[in-house]
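Working notes, beginning with the structure itself.
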Amino acid sequence: MEAETPPLAGRRALVAGGSRGIGLAIAQALAGAGAAVSICARGATSLDAAIATIGHSSGRVHRHACDLADAAQIEAWVAAAADALGGIDIVVNNASALSHAAGDAAWHAGFEVDLMAAVRCNRAALPHLRRSAAPSILNVGSINALRPTPRATAYSALKAALHHYTLSLAAELARERIRVNALAPGSILFEDGLWARRAESEPALYAQVRDAIPFGGFGRPEHVAAAALFLCSDQAAWITGQVLAVDGGQSLGV
């Protein structure tokens with residue numbers, strides 16, 4: 001019996017912020033489905049560890065050190081990834097500054113990384129996506145964009161801007177059949193992530209949020225990765241301009 005062809009065999013995918021947490025899980029899912037994957041992050045050490053975690057797949061795995069707050073570095077990564085993979089079919093923008101700086105600094109950091117990194121990465125990748133037979137862009141937002149979140153004002157507002165940008169870009173590119181969607185994860189727990197740190201620094205808040213999620217407990221990066229794989233695959237070939245919450249019912253407020 002012939003082995004079944006992986007669903008993303010032959011596809012080339014970029015995952016910005018792909019060295020840990022949600023981004024790493026998405027990169028693993030895409031590679032496991034047969035795609036050649038390029039990941040970027042600031043630290044070479046974290047990228048090497050991510051490559052080891054992703055392991056061998058049916059496609060190539062490429063990594064590139066890149067500060068996603070720097071427009072020139074984003075352009076360099078996209079060019080290097082396209083050269084290494086032989087083109088680009090899928091772009092996943094997962095990076096977030098998650099800045100806790102005071103005053104304008106948090107807004108500036110979030111603007112550059114949460115919003116403009118996606119804008120710049122998509123813009124650099126578009127010439128390659130226009131040559132793809134199955135082009136897809138996926139921006140990773142947050143359920144914080146769907147409701148007031150006083151603990152994370154700048155982050156929430158900029159993720160809301162990312163959601164709106166997703167819809168506008170989807171409308172702009174629809175006639176070219178370039179699909180553009182977004183995910184809105186809820187509270188996701190992973191090693192050294194926001195909620196793992198808050199378990200130590202703010203245990204009361206950690207327990208309050210955990211217990212309020214209707215499905216019971218925090219989500220995992222794999223939950224988000226499964227939704228990302230769907231939206232990047234041919235199963236979602238007729239879906240564009242959508243923001244999909246992946247939150248175990250958290251945004252329902254029940």
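Ordering of the structure tokens sets the chain letters (A, B, ...); residue numbers start at 1 within each chain; ligands are numbered from 1 in the order shown.
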Task: All residues 6 Å or closer to region 172-179 of chain A, only C-alpha atoms, same chain fewer than 5 positions away omitted, as a PyMOL selection string - done: chain A and resi 135-136+240
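Of the listed residues (A:Leu229, A:Leu14, A:Ala154, A:Val119), A:Ala154 comes nearest to Gly103 (chain A); the distances count only C-alpha atoms.
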TODO: Counting only C-alpha atoms, figure out which residue out of A:Ala161, A:Ala226, A:Leu85, A:Ala152 gets nearest to Asp114 (chain A).
DONE: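 That would be A:Ala161, the residue with the smallest distance to Asp114 (chain A).
Residues of region 17-242 of chain A that DSSP places in strand (DSSP E), based on the backbone of this structure, are Ala36, Val37, Ser38, Ile39, Cys40, Ala41, Val61, His62, Arg63, His64, Ala65, Ile90, Val91, Val92, Asn93, Ser136, Ile137, Leu138, Asn139, Val140, Arg179, Val180, Asn181, Ala182, Leu183, Ala184 and Pro185 of chain A.
Residues in contact with Ala27 (chain A) at up to 7 Å, not including ones fewer than 6 positions away on its chain and judged by only C-alpha atoms, are Val15, Gly18 and Val37 of chain A.
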N, CA, C and O atoms of the current selection, written as a PDB file, in the first residue's frame:
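Contents of the output file part_26.pdb:
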ATOM      1  N   VAL A  15       7.138  30.968   9.632  1.00  0.00           N
ATOM      2  CA  VAL A  15       6.521  31.185  10.935  1.00  0.00           C
ATOM      3  C   VAL A  15       7.358  32.209  11.694  1.00  0.00           C
ATOM      4  O   VAL A  15       8.467  31.907  12.147  1.00  0.00           O
ATOM      5  N   GLY A  18       8.786  31.705  15.748  1.00  0.00           N
ATOM      6  CA  GLY A  18       8.533  30.262  15.746  1.00  0.00           C
ATOM      7  C   GLY A  18       9.444  29.439  16.629  1.00  0.00           C
ATOM      8  O   GLY A  18       9.526  28.222  16.453  1.00  0.00           O
ATOM      9  N   VAL A  37       9.601  24.436   6.269  1.00  0.00           N
ATOM     10  CA  VAL A  37       9.297  25.518   7.212  1.00  0.00           C
ATOM     11  C   VAL A  37      10.542  26.342   7.505  1.00  0.00           C
ATOM     12  O   VAL A  37      11.629  25.805   7.705  1.00  0.00           O
TER      13      VAL A  37
END
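Between Ala80 (chain A) and the residues A:Pro6, A:Gly141, A:Ala204, A:Cys40, the shortest atom-to-atom distance, using only C-alpha atoms, involves A:Cys40.
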- [ ] Determine which residues of region 26-245 of chain A DSSP labels as helix (DSSP H, G or I) from the backbone of this structure, then write them out as a ChimeraX atom specification.
- [x] /A:26-32,44-54,71-85,104-129,143-146,150-176,194-201,203-212,221-232,234-236
- [ ] Go through A:Arg120, A:Lys159, A:Arg130, A:Arg60 one by one, measure the shortest atom-to-atom distance of each to Ala16 (chain A) using only C-alpha atoms, and give the residue with the smallest value.
- [x] A:Arg120
- [ ] Find the residue from A:Gly110, A:Gly34, A:Gly43, A:Gly248 that sits nearest to Leu98 (chain A); use only C-alpha atoms when measuring.
- [x] A:Gly110
Open item on the list: Would you compute the distance between CA of Asn122 (chain A) and CA of Leu189 (chain A)? Give it in Å to one decimal.
Closed with: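 Going from CA of Asn122 (chain A) over to CA of Leu189 (chain A) covers 27.6 Å.
Interatomic distance, CA of Gly241 (chain A) to CA of Asn181 (chain A): 5.1 Å.
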Open item on the list: From the options A:Ala35, A:Ile143, A:Thr45, A:Ala29, which residue's atoms come nearest to Leu183 (chain A), counting only C-alpha atoms?
Closed with: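 Nearest to Leu183 (chain A): A:Ile143.
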Task: His62 (chain A) environment, 8 Å, only C-alpha atoms, sequence neighbours closer than 4 positions dropped, as a list in words - done: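 Result of the neighbour search: Ala36, Val37, Ser38, Ile39, Ile51, Ala81, Ala84 and Leu85 of chain A.
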Using the selection just defined, write its residues with C-alpha atoms as a PDB file, in the first residue's frame.
ATOM      1  CA  ALA A  36       9.110  22.969   4.401  1.00  0.00           C
ATOM      2  CA  VAL A  37       9.297  25.518   7.212  1.00  0.00           C
ATOM      3  CA  SER A  38      11.387  28.572   8.035  1.00  0.00           C
ATOM      4  CA  ILE A  39      11.224  29.974  11.552  1.00  0.00           C
ATOM      5  CA  ILE A  51      14.962  23.074  15.103  1.00  0.00           C
ATOM      6  CA  ALA A  81      13.612  31.850   3.615  1.00  0.00           C
ATOM      7  CA  ALA A  84      16.177  28.307   1.147  1.00  0.00           C
ATOM      8  CA  LEU A  85      12.705  26.843   0.639  1.00  0.00           C
TER       9      LEU A  85
END
TODO: Excluding Leu158 (chain A) and residues on its chain fewer than 3 positions from it, collect all residues at most 10 Å away from it, counting only C-alpha atoms, and give them as a list in words.
DONE: Ser96, Trp107, Gly110, Phe111, Glu112, Val113, Asp114, Leu115, Met116, Gly141, Ser142, Asn144, Ala145, Thr153, Ala154, Tyr155, Ala161, Leu162, His163 and His164 of chain A
Atoms to include: all heavy atoms. Write the selected residues as a compact mmCIF listing (two decimals), in the first residue's frame.
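What ended up in part-v5.txt:
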# COMPACT_ATOMS: atom_id res chain seq x y z
N SER A 96 4.89 38.56 19.29
CA SER A 96 4.28 39.56 20.16
C SER A 96 5.34 40.11 21.10
O SER A 96 6.18 39.37 21.62
CB SER A 96 3.15 38.95 20.98
OG SER A 96 2.59 39.94 21.84
N TRP A 107 3.47 50.75 24.20
CA TRP A 107 2.74 50.99 22.95
C TRP A 107 3.68 50.91 21.75
O TRP A 107 3.34 50.30 20.73
CB TRP A 107 2.06 52.35 23.00
CG TRP A 107 0.89 52.40 23.93
CD1 TRP A 107 0.90 52.68 25.26
CD2 TRP A 107 -0.47 52.10 23.59
NE1 TRP A 107 -0.37 52.60 25.77
CE2 TRP A 107 -1.23 52.26 24.77
CE3 TRP A 107 -1.12 51.75 22.41
CZ2 TRP A 107 -2.61 52.05 24.81
CZ3 TRP A 107 -2.49 51.55 22.44
CH2 TRP A 107 -3.22 51.69 23.63
N GLY A 110 4.71 47.20 21.18
CA GLY A 110 3.61 46.44 20.60
C GLY A 110 3.32 46.84 19.16
O GLY A 110 3.03 45.99 18.32
N PHE A 111 3.39 48.13 18.88
CA PHE A 111 3.14 48.60 17.51
C PHE A 111 4.14 47.98 16.54
O PHE A 111 3.76 47.49 15.47
CB PHE A 111 3.23 50.13 17.47
CG PHE A 111 3.05 50.71 16.10
CD1 PHE A 111 1.79 50.77 15.50
CD2 PHE A 111 4.14 51.19 15.39
CE1 PHE A 111 1.63 51.30 14.23
CE2 PHE A 111 4.00 51.72 14.12
CZ PHE A 111 2.73 51.78 13.53
N GLU A 112 5.42 47.98 16.92
CA GLU A 112 6.45 47.47 16.02
C GLU A 112 6.38 45.96 15.82
O GLU A 112 6.58 45.46 14.71
CB GLU A 112 7.84 47.85 16.54
CG GLU A 112 8.14 49.34 16.49
CD GLU A 112 8.20 49.90 15.08
OE1 GLU A 112 8.42 49.13 14.13
OE2 GLU A 112 8.03 51.12 14.93
N VAL A 113 6.08 45.21 16.90
CA VAL A 113 6.15 43.75 16.82
C VAL A 113 4.77 43.12 16.59
O VAL A 113 4.62 42.27 15.71
CB VAL A 113 6.80 43.17 18.09
CG1 VAL A 113 6.83 41.65 18.04
CG2 VAL A 113 8.21 43.72 18.26
N ASP A 114 3.77 43.50 17.36
CA ASP A 114 2.45 42.86 17.24
C ASP A 114 1.74 43.24 15.94
O ASP A 114 0.99 42.43 15.39
CB ASP A 114 1.57 43.24 18.43
CG ASP A 114 2.06 42.60 19.72
OD1 ASP A 114 3.09 43.04 20.24
OD2 ASP A 114 1.42 41.67 20.19
N LEU A 115 1.95 44.47 15.48
CA LEU A 115 1.25 44.93 14.28
C LEU A 115 2.18 45.06 13.08
O LEU A 115 2.00 44.38 12.07
CB LEU A 115 0.56 46.26 14.57
CG LEU A 115 -0.20 46.88 13.39
CD1 LEU A 115 -1.31 45.95 12.91
CD2 LEU A 115 -0.77 48.25 13.78
N MET A 116 3.19 45.91 13.17
CA MET A 116 3.98 46.22 12.00
C MET A 116 4.85 45.06 11.53
O MET A 116 5.16 44.95 10.33
CB MET A 116 4.84 47.45 12.25
CG MET A 116 4.04 48.74 12.31
SD MET A 116 2.96 49.00 10.87
CE MET A 116 4.15 49.04 9.53
N GLY A 141 -3.65 36.75 16.55
CA GLY A 141 -4.08 37.85 17.40
C GLY A 141 -4.32 37.38 18.82
O GLY A 141 -3.52 36.64 19.39
N SER A 142 -5.47 37.75 19.37
CA SER A 142 -5.77 37.39 20.76
C SER A 142 -7.24 37.68 21.05
O SER A 142 -7.82 38.61 20.48
CB SER A 142 -4.90 38.22 21.71
OG SER A 142 -5.33 38.06 23.06
N ASN A 144 -8.03 39.02 23.62
CA ASN A 144 -7.99 40.33 24.26
C ASN A 144 -8.49 41.42 23.33
O ASN A 144 -8.95 42.48 23.79
CB ASN A 144 -6.55 40.67 24.69
CG ASN A 144 -6.13 39.99 25.96
OD1 ASN A 144 -6.63 38.90 26.27
ND2 ASN A 144 -5.22 40.58 26.70
N ALA A 145 -8.38 41.19 22.02
CA ALA A 145 -8.85 42.17 21.05
C ALA A 145 -10.37 42.24 20.98
O ALA A 145 -10.92 43.18 20.41
CB ALA A 145 -8.30 41.83 19.67
N THR A 153 -3.70 46.95 28.24
CA THR A 153 -4.35 47.91 27.36
C THR A 153 -3.66 48.02 26.00
O THR A 153 -4.30 47.92 24.95
CB THR A 153 -4.39 49.29 28.03
OG1 THR A 153 -5.03 49.17 29.30
CG2 THR A 153 -5.15 50.29 27.19
N ALA A 154 -2.35 48.24 26.01
CA ALA A 154 -1.63 48.40 24.75
C ALA A 154 -1.68 47.12 23.92
O ALA A 154 -1.98 47.15 22.72
CB ALA A 154 -0.19 48.81 25.02
N TYR A 155 -1.39 46.00 24.55
CA TYR A 155 -1.41 44.70 23.85
C TYR A 155 -2.77 44.45 23.21
O TYR A 155 -2.86 44.07 22.04
CB TYR A 155 -1.07 43.60 24.86
CG TYR A 155 -1.24 42.20 24.35
CD1 TYR A 155 -0.25 41.59 23.58
CD2 TYR A 155 -2.39 41.46 24.64
CE1 TYR A 155 -0.40 40.29 23.12
CE2 TYR A 155 -2.54 40.16 24.19
CZ TYR A 155 -1.56 39.58 23.42
OH TYR A 155 -1.71 38.29 22.97
N ALA A 161 -6.08 45.99 16.34
CA ALA A 161 -5.63 46.55 15.07
C ALA A 161 -5.18 45.44 14.12
O ALA A 161 -5.45 45.49 12.91
CB ALA A 161 -4.50 47.54 15.30
N LEU A 162 -4.51 44.41 14.66
CA LEU A 162 -4.09 43.28 13.83
C LEU A 162 -5.29 42.55 13.25
O LEU A 162 -5.28 42.16 12.07
CB LEU A 162 -3.22 42.33 14.65
CG LEU A 162 -2.67 41.11 13.91
CD1 LEU A 162 -1.66 41.52 12.85
CD2 LEU A 162 -2.03 40.13 14.89
N HIS A 163 -6.33 42.37 14.06
CA HIS A 163 -7.55 41.73 13.55
C HIS A 163 -8.14 42.54 12.40
O HIS A 163 -8.54 41.99 11.36
CB HIS A 163 -8.58 41.58 14.67
CG HIS A 163 -8.24 40.53 15.68
ND1 HIS A 163 -9.14 40.12 16.64
CD2 HIS A 163 -7.12 39.81 15.90
CE1 HIS A 163 -8.58 39.19 17.39
NE2 HIS A 163 -7.35 39.00 16.97
N HIS A 164 -8.25 43.86 12.60
CA HIS A 164 -8.84 44.71 11.56
C HIS A 164 -7.97 44.69 10.30
O HIS A 164 -8.50 44.63 9.17
CB HIS A 164 -9.01 46.14 12.08
CG HIS A 164 -9.91 46.96 11.23
ND1 HIS A 164 -9.52 47.49 10.02
CD2 HIS A 164 -11.20 47.34 11.40
CE1 HIS A 164 -10.52 48.17 9.49
NE2 HIS A 164 -11.56 48.09 10.30
- [ ] May I ask for the distance between CA of Ser132 (chain A) and CA of Trp238 (chain A), given in Å to one decimal place?
- [x]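 According to the coordinates, CA of Ser132 (chain A) and CA of Trp238 (chain A) are separated by 16.1 Å.
Residue neighbourhood of region 52-54 of chain A, excluding near-sequence residues (fewer than 5 positions): Leu24, Ala27, Gln28 and Ala31 of chain A, at 8 Å, using only C-alpha atoms.
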Kindly save the residues from that selection, with C-alpha atoms included, as a PDB file, in the first residue's frame.
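Written output follows (result-v2.pdb):
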ATOM      1  CA  LEU A  24       6.900  26.507  17.725  1.00  0.00           C
ATOM      2  CA  ALA A  27       5.884  25.193  12.982  1.00  0.00           C
ATOM      3  CA  GLN A  28       5.829  21.597  14.230  1.00  0.00           C
ATOM      4  CA  ALA A  31       6.330  20.460   9.240  1.00  0.00           C
TER       5      ALA A  31
END
